[in-house]
file upload.cif (mmCIF, C-alpha atoms)
data_upload
#
loop_
_atom_site.label_atom_id
_atom_site.label_comp_id
_atom_site.auth_asym_id
_atom_site.auth_seq_id
_atom_site.Cartn_x
_atom_site.Cartn_y
_atom_site.Cartn_z
CA MET A 1 -3.46 12.39 26.05
CA LEU A 2 -2.70 8.78 25.09
CA ALA A 3 0.17 8.19 22.68
CA GLU A 4 -2.08 6.47 20.12
CA ARG A 5 -4.38 9.48 19.96
CA ARG A 6 -1.41 11.87 19.67
CA HIS A 7 -0.09 9.81 16.78
CA ARG A 8 -3.44 9.99 14.97
CA LEU A 9 -3.61 13.75 15.45
CA ILE A 10 -0.04 14.27 14.26
CA LEU A 11 -0.68 12.27 11.08
CA ARG A 12 -3.94 14.10 10.47
CA ALA A 13 -2.20 17.48 10.86
CA LEU A 14 0.59 16.52 8.47
CA ARG A 15 -1.80 15.14 5.85
CA SER A 16 -4.09 18.12 5.91
CA GLY A 17 -1.55 20.90 6.38
CA GLY A 18 1.68 19.55 4.95
CA PRO A 19 5.06 19.68 6.70
CA ALA A 20 4.91 20.94 10.27
CA ALA A 21 7.45 22.07 12.85
CA VAL A 22 7.84 20.37 16.21
CA SER A 23 6.93 23.63 17.93
CA ASP A 24 3.66 23.90 15.98
CA LEU A 25 2.68 20.29 16.72
CA SER A 26 3.56 20.80 20.38
CA GLU A 27 1.25 23.79 20.57
CA GLN A 28 -1.60 22.03 18.75
CA LEU A 29 -1.43 18.95 20.97
CA GLY A 30 -0.71 20.72 24.22
CA VAL A 31 2.35 18.59 25.00
CA SER A 32 6.06 19.28 25.27
CA PRO A 33 8.35 19.43 22.22
CA ALA A 34 10.26 16.47 23.67
CA THR A 35 7.07 14.38 23.63
CA VAL A 36 6.40 15.36 20.02
CA ARG A 37 9.96 14.42 19.02
CA ARG A 38 9.55 10.98 20.61
CA ASP A 39 6.24 10.54 18.79
CA LEU A 40 7.86 11.50 15.47
CA VAL A 41 10.66 8.99 16.00
CA LYS A 42 8.10 6.25 16.69
CA LEU A 43 5.98 7.15 13.66
CA GLU A 44 9.02 7.29 11.41
CA GLU A 45 10.09 3.83 12.62
CA GLU A 46 6.66 2.59 11.55
CA GLY A 47 7.06 4.20 8.13
CA LEU A 48 4.20 6.66 8.62
CA LEU A 49 6.18 9.88 8.16
CA THR A 50 9.63 11.29 7.46
CA ARG A 51 11.39 13.54 9.94
CA VAL A 52 12.99 16.66 8.52
CA HIS A 53 14.97 19.41 10.19
CA GLY A 54 12.78 20.81 12.96
CA GLY A 55 9.67 18.82 12.09
CA ALA A 56 8.14 16.12 9.89
CA VAL A 57 6.32 15.43 6.64
CA VAL A 58 4.03 12.62 5.47
CA ASP A 59 5.01 10.83 2.26
CA GLU A 60 2.47 11.39 -0.51
CA GLY A 61 3.21 8.06 -2.16
CA ASP A 62 1.28 4.93 -1.24
CA GLN A 63 -0.17 6.30 1.99
CA PRO A 64 -1.90 4.18 4.64
CA PHE A 65 -5.62 4.14 5.28
CA ALA A 66 -5.43 5.87 8.67
CA GLU A 67 -7.71 8.59 7.34
CA VAL A 68 -9.52 6.64 4.65
CA ALA A 69 -11.74 9.46 3.41
CA GLU A 70 -8.77 11.82 2.95
CA VAL A 71 -6.36 9.36 1.33
CA ALA A 72 -8.99 7.84 -0.97
CA GLU A 73 -9.33 11.23 -2.67
CA VAL A 74 -5.66 11.44 -3.70
CA ARG A 75 -5.15 11.13 -7.51
CA VAL A 76 -8.40 9.17 -7.89
CA PRO A 77 -8.75 9.43 -11.71
CA GLU A 78 -5.19 8.19 -12.18
CA LYS A 79 -5.64 5.29 -9.77
CA ASP A 80 -8.97 4.38 -11.34
CA ALA A 81 -7.34 4.21 -14.79
CA ILE A 82 -4.63 1.90 -13.42
CA ALA A 83 -7.25 -0.18 -11.59
CA ALA A 84 -9.40 -0.59 -14.71
CA LYS A 85 -6.43 -1.73 -16.78
CA ALA A 86 -5.37 -4.16 -14.03
CA ALA A 87 -8.89 -5.56 -13.67
CA SER A 88 -8.98 -6.30 -17.41
CA LEU A 89 -6.16 -8.82 -16.91
CA VAL A 90 -8.30 -11.01 -14.66
CA GLU A 91 -10.58 -13.71 -16.10
CA ASP A 92 -13.62 -15.21 -14.41
CA GLY A 93 -12.76 -18.23 -12.29
CA GLN A 94 -9.32 -16.93 -11.37
CA SER A 95 -7.92 -16.03 -7.96
CA VAL A 96 -6.59 -12.58 -7.11
CA LEU A 97 -4.34 -11.53 -4.23
CA LEU A 98 -4.62 -7.84 -3.32
CA ASP A 99 -1.98 -5.90 -1.39
CA ILE A 100 -2.58 -2.95 0.91
CA GLY A 101 -2.79 0.58 -0.50
CA THR A 102 -5.26 2.92 -2.13
CA THR A 103 -4.71 1.65 -5.67
CA ALA A 104 -5.52 -1.91 -4.58
CA TYR A 105 -8.71 -0.53 -3.04
CA ARG A 106 -9.63 1.16 -6.32
CA LEU A 107 -8.96 -2.15 -8.09
CA ALA A 108 -11.29 -3.95 -5.68
CA ARG A 109 -14.05 -1.55 -6.72
CA GLN A 110 -13.52 -2.65 -10.34
CA LEU A 111 -13.98 -6.32 -9.44
CA HIS A 112 -17.61 -6.18 -8.24
CA GLY A 113 -19.83 -8.80 -9.81
CA ARG A 114 -16.96 -10.92 -11.08
CA ARG A 115 -16.99 -14.65 -10.34
CA ILE A 116 -13.49 -14.74 -8.91
CA THR A 117 -11.71 -15.38 -5.62
CA VAL A 118 -10.10 -12.42 -3.86
CA ILE A 119 -7.51 -12.97 -1.13
CA THR A 120 -6.38 -10.00 0.93
CA GLY A 121 -5.03 -8.67 4.20
CA ASN A 122 -6.31 -5.21 3.27
CA LEU A 123 -9.25 -4.49 5.56
CA VAL A 124 -10.59 -1.71 3.33
CA VAL A 125 -10.68 -4.13 0.39
CA TYR A 126 -12.45 -6.66 2.62
CA GLU A 127 -15.06 -4.08 3.62
CA GLU A 128 -15.57 -3.08 -0.02
CA LEU A 129 -16.19 -6.66 -1.21
CA ALA A 130 -17.75 -8.27 1.87
CA ASP A 131 -21.32 -8.02 0.59
CA ASP A 132 -20.58 -9.08 -3.00
CA GLU A 133 -21.92 -12.64 -3.19
CA ASP A 134 -20.34 -13.26 -6.60
CA ILE A 135 -16.85 -12.98 -5.12
CA GLU A 136 -15.33 -15.71 -2.99
CA LEU A 137 -13.55 -13.62 -0.37
CA VAL A 138 -10.60 -14.87 1.69
CA LEU A 139 -9.34 -12.68 4.55
CA LEU A 140 -5.81 -13.39 5.76
CA GLY A 141 -5.19 -13.61 9.49
CA GLY A 142 -2.63 -11.61 11.42
CA MET A 143 -1.99 -8.62 13.64
CA VAL A 144 -4.12 -5.58 12.81
CA ARG A 145 -2.22 -2.41 11.95
CA ARG A 146 -4.93 0.14 12.64
CA GLU A 147 -3.23 3.07 10.92
CA TYR A 148 -2.80 1.05 7.73
CA ARG A 149 -6.00 -1.02 8.01
CA SER A 150 -3.91 -4.08 7.20
CA LEU A 151 -2.97 -7.47 8.66
CA VAL A 152 0.70 -8.30 9.19
CA GLY A 153 3.00 -10.64 11.08
CA PHE A 154 3.88 -14.33 11.13
CA LEU A 155 0.23 -15.42 11.03
CA THR A 156 -0.30 -13.51 7.79
CA GLU A 157 2.88 -14.92 6.30
CA ASP A 158 1.93 -18.45 7.37
CA ASN A 159 -1.51 -18.08 5.74
CA LEU A 160 0.16 -17.00 2.51
CA ARG A 161 2.44 -20.03 2.51
CA GLN A 162 -0.69 -22.17 2.29
CA LEU A 163 -2.23 -20.26 -0.63
CA HIS A 164 -1.69 -19.77 -4.34
CA ALA A 165 -3.21 -17.04 -6.50
CA ASP A 166 -3.33 -16.61 -10.26
CA TRP A 167 -2.61 -12.90 -9.87
CA LEU A 168 -0.94 -10.74 -7.25
CA PHE A 169 -1.56 -7.00 -7.51
CA LEU A 170 1.21 -5.36 -5.52
CA GLY A 171 1.52 -1.79 -4.28
CA THR A 172 4.73 0.15 -3.76
CA SER A 173 6.16 3.34 -2.32
CA GLY A 174 8.75 3.69 -5.06
CA ILE A 175 10.53 2.08 -8.01
CA ARG A 176 14.23 2.74 -8.40
CA PRO A 177 15.87 3.21 -11.83
CA GLY A 178 17.31 -0.29 -11.46
CA GLY A 179 13.77 -1.67 -11.20
CA GLN A 180 13.92 -2.40 -7.47
CA VAL A 181 10.54 -2.20 -5.74
CA MET A 182 10.75 -0.27 -2.45
CA ASP A 183 8.53 0.31 0.57
CA THR A 184 8.55 2.81 3.42
CA THR A 185 7.03 0.43 5.98
CA VAL A 186 9.48 -2.25 7.10
CA VAL A 187 6.88 -4.39 8.86
CA GLU A 188 4.90 -4.79 5.62
CA VAL A 189 7.87 -6.03 3.58
CA PRO A 190 7.85 -9.70 4.77
CA VAL A 191 4.14 -9.89 3.94
CA LYS A 192 4.72 -8.44 0.47
CA ARG A 193 7.50 -10.98 -0.13
CA ALA A 194 5.21 -13.80 1.01
CA MET A 195 2.56 -12.51 -1.40
CA ILE A 196 5.06 -12.60 -4.26
CA ARG A 197 5.84 -16.24 -3.48
CA ALA A 198 2.09 -17.01 -3.45
CA GLY A 199 1.33 -15.29 -6.76
CA GLU A 200 1.61 -17.01 -10.13
CA ARG A 201 1.87 -13.66 -11.90
CA VAL A 202 2.93 -10.47 -10.13
CA VAL A 203 1.52 -7.13 -11.28
CA LEU A 204 2.91 -3.93 -9.79
CA LEU A 205 0.46 -1.02 -9.59
CA ALA A 206 2.41 2.25 -9.76
CA ASP A 207 1.10 5.73 -10.46
CA ARG A 208 3.35 8.58 -11.57
CA ALA A 209 4.35 9.45 -7.99
CA LYS A 210 6.15 6.10 -7.62
CA PHE A 211 8.93 6.89 -10.12
CA PRO A 212 11.20 7.02 -8.16
CA GLY A 213 8.90 7.57 -5.15
CA THR A 214 10.22 6.76 -1.71
CA GLY A 215 11.15 3.77 0.41
CA MET A 216 14.06 2.50 2.46
CA ALA A 217 13.28 -1.24 2.35
CA LYS A 218 13.62 -3.37 -0.77
CA VAL A 219 10.65 -5.63 -1.48
CA CYS A 220 11.94 -7.32 -4.62
CA GLY A 221 13.89 -6.86 -7.81
CA PRO A 222 12.43 -6.49 -11.32
CA GLU A 223 13.02 -10.19 -12.03
CA GLU A 224 10.16 -11.05 -9.65
CA LEU A 225 7.63 -8.93 -11.56
CA ASP A 226 5.62 -9.89 -14.62
CA VAL A 227 3.75 -6.67 -15.36
CA VAL A 228 3.89 -3.02 -14.27
CA VAL A 229 0.67 -1.06 -14.75
CA THR A 230 1.17 2.69 -14.59
CA ASN A 231 -0.41 5.91 -15.80
CA ALA A 232 2.81 7.69 -16.68
CA PRO A 233 5.68 7.34 -19.13
CA VAL A 234 8.44 5.35 -17.42
CA ASP A 235 11.90 6.96 -17.55
CA ALA A 236 14.39 5.33 -19.90
CA ALA A 237 16.63 3.82 -17.19
CA THR A 238 13.76 2.23 -15.29
CA ARG A 239 12.05 0.96 -18.44
CA SER A 240 15.32 -0.58 -19.63
CA SER A 241 15.80 -2.36 -16.28
CA LEU A 242 12.25 -3.69 -16.34
CA GLU A 243 12.36 -4.84 -19.95
CA GLU A 244 15.74 -6.56 -19.45
CA ALA A 245 14.09 -8.54 -16.64
CA GLY A 246 11.21 -9.52 -18.95
CA VAL A 247 8.65 -7.22 -17.32
CA ARG A 248 5.82 -5.91 -19.49
CA VAL A 249 5.04 -2.23 -18.92
CA VAL A 250 1.38 -1.33 -19.48
CA VAL A 251 0.35 2.34 -19.58
CA ALA A 252 -3.25 2.93 -18.53
#

call {"tool": "encode", "arguments": {"input": "upload.cif", "output": "structure tokens"}}
result
Amino acid sequence: MLAERRHRLILRALRSGGPAAVSDLSEQLGVSPATVRRDLVKLEEEGLLTRVHGGAVVDEGDQPFAEVAEVAEVRVPEKDAIAAKAASLVEDGQSVLLDIGTTAYRLARQLHGRRITVITGNLVVYEELADDEDIELVLLGGMVRREYRSLVGFLTEDNLRQLHADWLFLGTSGIRPGGQVMDTTVVEVPVKRAMIRAGERVVLLADRAKFPGTGMAKVCGPEELDVVVTNAPVDAATRSSLEEAGVRVVVA
């Protein structure tokens, strides 16, 4: 079995069944435990799972679109509330930059029929808006990350250096009490930082699972945000850090 197919099957098993032991994954895939351990190391390096003693678990934060149908059903009412509030910030004629992630996808669904420009490296957002003739749609170039349905790399970053958007709607894996925005996927971080530089106003979309959420790589500090849209009360320490940095917290 090819490594790419094993990786897909491992992620599918973890998403549908929760944490799994190496021995169980080995039996399901018909490969040696050593092969499974190597696969888990590779997938963890890519930010797709977290290894635990004897096995692995998939983060339930801002998951990738590897299994779009499954992930799109996670906390949909909450994400739709955040998306609706975020969409209300945008005025006709403005430009919007959309990050990867399921909440950005739900936001894209709220933008149908609007006379705006949408810029994105999120292939699911592109597919959602491709047939909407009211929206001027700009797809960033770059290397395709199939598991995440996103575009990354120096080509994506170079495209962003040539663009400016009225709004950036940014996703995250976690927000620390100090207001730092974190991500689990290291390769996505340079693209997120380039998006921040390209956005006039930066809006962080964060459901309740993102406080504090997960993430080993820092994307930015609170001083680079303008608004946080969430569906949950923000703990006192995090709210204080955000407000001290001049960030407006909007509860959907």

call {"tool": "atom_distance", "arguments": {"input": "upload.cif", "atom1": "atom CA of A:Pro212", "atom2": "atom CA of A:Ala86"}}
result
20.8 Å

call {"tool": "residues_around", "arguments": {"input": "upload.cif", "residues": "stretch 27-33 of chain A", "least_positions_apart": "3", "cutoff": "10 Å", "atoms": "only C-alpha atoms", "output": "PyMOL selection string"}}
result
chain A and resi 1+5-6+9-10+13+21-24+36-39

call {"tool": "residues_around", "arguments": {"input": "upload.cif", "residues": "stretch 100-117 of chain A", "least_positions_apart": "5", "cutoff": "8 Å", "atoms": "all atoms listed in the file", "output": "number ranges by chain"}}
result
A: 62-65, 71-72, 79-80, 82-84, 86-87, 91-95, 122, 124-125, 128-129, 132-138, 148, 150, 169-171, 205

call {"tool": "write_last_selection", "arguments": {"input": "upload.cif", "atoms": "C-alpha atoms", "output": "short mmCIF file (atom, residue, chain, number, x, y, z; two decimals), keeping the file's coordinate frame"}}
result
data_model
loop_
_atom_site.label_atom_id
_atom_site.label_comp_id
_atom_site.auth_asym_id
_atom_site.auth_seq_id
_atom_site.Cartn_x
_atom_site.Cartn_y
_atom_site.Cartn_z
CA ASP A 62 1.28 4.93 -1.24
CA GLN A 63 -0.17 6.30 1.99
CA PRO A 64 -1.90 4.18 4.64
CA PHE A 65 -5.62 4.14 5.28
CA VAL A 71 -6.36 9.36 1.33
CA ALA A 72 -8.99 7.84 -0.97
CA LYS A 79 -5.64 5.29 -9.77
CA ASP A 80 -8.97 4.38 -11.34
CA ILE A 82 -4.63 1.90 -13.42
CA ALA A 83 -7.25 -0.18 -11.59
CA ALA A 84 -9.40 -0.59 -14.71
CA ALA A 86 -5.37 -4.16 -14.03
CA ALA A 87 -8.89 -5.56 -13.67
CA GLU A 91 -10.58 -13.71 -16.10
CA ASP A 92 -13.62 -15.21 -14.41
CA GLY A 93 -12.76 -18.23 -12.29
CA GLN A 94 -9.32 -16.93 -11.37
CA SER A 95 -7.92 -16.03 -7.96
CA ASN A 122 -6.31 -5.21 3.27
CA VAL A 124 -10.59 -1.71 3.33
CA VAL A 125 -10.68 -4.13 0.39
CA GLU A 128 -15.57 -3.08 -0.02
CA LEU A 129 -16.19 -6.66 -1.21
CA ASP A 132 -20.58 -9.08 -3.00
CA GLU A 133 -21.92 -12.64 -3.19
CA ASP A 134 -20.34 -13.26 -6.60
CA ILE A 135 -16.85 -12.98 -5.12
CA GLU A 136 -15.33 -15.71 -2.99
CA LEU A 137 -13.55 -13.62 -0.37
CA VAL A 138 -10.60 -14.87 1.69
CA TYR A 148 -2.80 1.05 7.73
CA SER A 150 -3.91 -4.08 7.20
CA PHE A 169 -1.56 -7.00 -7.51
CA LEU A 170 1.21 -5.36 -5.52
CA GLY A 171 1.52 -1.79 -4.28
CA LEU A 205 0.46 -1.02 -9.59
#

call {"tool": "atom_distance", "arguments": {"input": "upload.cif", "atom1": "atom CA of A:Pro19", "atom2": "atom CA of A:Val57"}}
result
4.4 Å

call {"tool": "resolve_selection", "arguments": {"input": "upload.cif", "expression": "the PyMOL selection byres ((chain A and resi 224) around 9)", "output": "PyMOL selection string"}}
result
chain A and resi 196+201-202+220-223+225-226+245+247

call {"tool": "decode", "arguments": {"input": "upload.cif", "residues": "stretch 91-102 of chain A", "atoms": "all heavy atoms", "output": "mmCIF file, in the first residue's frame"}}
result
data_model
loop_
_atom_site.group_PDB
_atom_site.id
_atom_site.type_symbol
_atom_site.label_atom_id
_atom_site.label_comp_id
_atom_site.auth_asym_id
_atom_site.auth_seq_id
_atom_site.Cartn_x
_atom_site.Cartn_y
_atom_site.Cartn_z
ATOM 1 N N GLU A 91 -18.736 45.167 3.517
ATOM 2 C CA GLU A 91 -19.623 45.997 2.704
ATOM 3 C C GLU A 91 -19.411 45.699 1.230
ATOM 4 O O GLU A 91 -18.326 45.271 0.817
ATOM 5 C CB GLU A 91 -19.339 47.476 2.974
ATOM 6 C CG GLU A 91 -19.597 47.901 4.415
ATOM 7 C CD GLU A 91 -19.269 49.362 4.631
ATOM 8 O OE1 GLU A 91 -18.899 50.056 3.655
ATOM 9 O OE2 GLU A 91 -19.379 49.821 5.792
ATOM 10 N N ASP A 92 -20.449 45.903 0.438
ATOM 11 C CA ASP A 92 -20.324 45.691 -1.005
ATOM 12 C C ASP A 92 -19.198 46.564 -1.568
ATOM 13 O O ASP A 92 -18.997 47.701 -1.129
ATOM 14 C CB ASP A 92 -21.636 46.022 -1.707
ATOM 15 C CG ASP A 92 -22.688 44.943 -1.497
ATOM 16 O OD1 ASP A 92 -22.352 43.893 -0.934
ATOM 17 O OD2 ASP A 92 -23.855 45.168 -1.871
ATOM 18 N N GLY A 93 -18.473 46.007 -2.521
ATOM 19 C CA GLY A 93 -17.360 46.716 -3.132
ATOM 20 C C GLY A 93 -16.033 46.477 -2.450
ATOM 21 O O GLY A 93 -14.978 46.878 -2.971
ATOM 22 N N GLN A 94 -16.055 45.796 -1.306
ATOM 23 C CA GLN A 94 -14.804 45.553 -0.588
ATOM 24 C C GLN A 94 -14.160 44.238 -1.016
ATOM 25 O O GLN A 94 -14.772 43.405 -1.696
ATOM 26 C CB GLN A 94 -15.060 45.544 0.923
ATOM 27 C CG GLN A 94 -15.427 46.909 1.472
ATOM 28 C CD GLN A 94 -15.529 46.927 2.980
ATOM 29 O OE1 GLN A 94 -15.985 45.982 3.613
ATOM 30 N NE2 GLN A 94 -15.101 48.042 3.576
ATOM 31 N N SER A 95 -12.908 44.072 -0.607
ATOM 32 C CA SER A 95 -12.160 42.847 -0.908
ATOM 33 C C SER A 95 -11.931 42.062 0.375
ATOM 34 O O SER A 95 -11.696 42.633 1.442
ATOM 35 C CB SER A 95 -10.820 43.182 -1.564
ATOM 36 O OG SER A 95 -10.084 44.099 -0.786
ATOM 37 N N VAL A 96 -12.023 40.745 0.253
ATOM 38 C CA VAL A 96 -11.980 39.844 1.406
ATOM 39 C C VAL A 96 -10.955 38.751 1.134
ATOM 40 O O VAL A 96 -10.968 38.112 0.079
ATOM 41 C CB VAL A 96 -13.365 39.204 1.640
ATOM 42 C CG1 VAL A 96 -13.291 38.154 2.736
ATOM 43 C CG2 VAL A 96 -14.392 40.272 1.970
ATOM 44 N N LEU A 97 -10.072 38.534 2.091
ATOM 45 C CA LEU A 97 -9.078 37.463 2.013
ATOM 46 C C LEU A 97 -9.487 36.382 2.996
ATOM 47 O O LEU A 97 -9.663 36.646 4.191
ATOM 48 C CB LEU A 97 -7.699 38.038 2.362
ATOM 49 C CG LEU A 97 -6.471 37.137 2.310
ATOM 50 C CD1 LEU A 97 -6.321 36.442 0.961
ATOM 51 C CD2 LEU A 97 -5.220 37.957 2.631
ATOM 52 N N LEU A 98 -9.666 35.153 2.500
ATOM 53 C CA LEU A 98 -10.136 34.054 3.340
ATOM 54 C C LEU A 98 -9.045 33.009 3.525
ATOM 55 O O LEU A 98 -8.463 32.505 2.563
ATOM 56 C CB LEU A 98 -11.372 33.386 2.730
ATOM 57 C CG LEU A 98 -12.660 34.209 2.693
ATOM 58 C CD1 LEU A 98 -13.795 33.355 2.144
ATOM 59 C CD2 LEU A 98 -13.016 34.745 4.072
ATOM 60 N N ASP A 99 -8.804 32.653 4.771
ATOM 61 C CA ASP A 99 -7.819 31.654 5.176
ATOM 62 C C ASP A 99 -8.374 30.249 4.915
ATOM 63 O O ASP A 99 -9.517 30.077 4.482
ATOM 64 C CB ASP A 99 -7.533 31.864 6.665
ATOM 65 C CG ASP A 99 -6.300 31.120 7.154
ATOM 66 O OD1 ASP A 99 -5.540 30.594 6.328
ATOM 67 O OD2 ASP A 99 -6.104 31.091 8.378
ATOM 68 N N ILE A 100 -7.553 29.241 5.216
ATOM 69 C CA ILE A 100 -8.040 27.870 5.178
ATOM 70 C C ILE A 100 -8.923 27.635 6.401
ATOM 71 O O ILE A 100 -9.043 28.483 7.274
ATOM 72 C CB ILE A 100 -6.897 26.835 5.155
ATOM 73 C CG1 ILE A 100 -6.147 26.809 6.499
ATOM 74 C CG2 ILE A 100 -5.965 27.096 4.012
ATOM 75 C CD1 ILE A 100 -5.283 25.592 6.674
ATOM 76 N N GLY A 101 -9.539 26.450 6.480
ATOM 77 C CA GLY A 101 -10.310 26.078 7.651
ATOM 78 C C GLY A 101 -11.798 26.021 7.393
ATOM 79 O O GLY A 101 -12.323 26.627 6.459
ATOM 80 N N THR A 102 -12.488 25.288 8.261
ATOM 81 C CA THR A 102 -13.916 25.062 8.078
ATOM 82 C C THR A 102 -14.746 26.304 8.359
ATOM 83 O O THR A 102 -15.792 26.502 7.745
ATOM 84 C CB THR A 102 -14.385 23.909 8.980
ATOM 85 O OG1 THR A 102 -13.987 24.178 10.332
ATOM 86 C CG2 THR A 102 -13.771 22.595 8.544
#
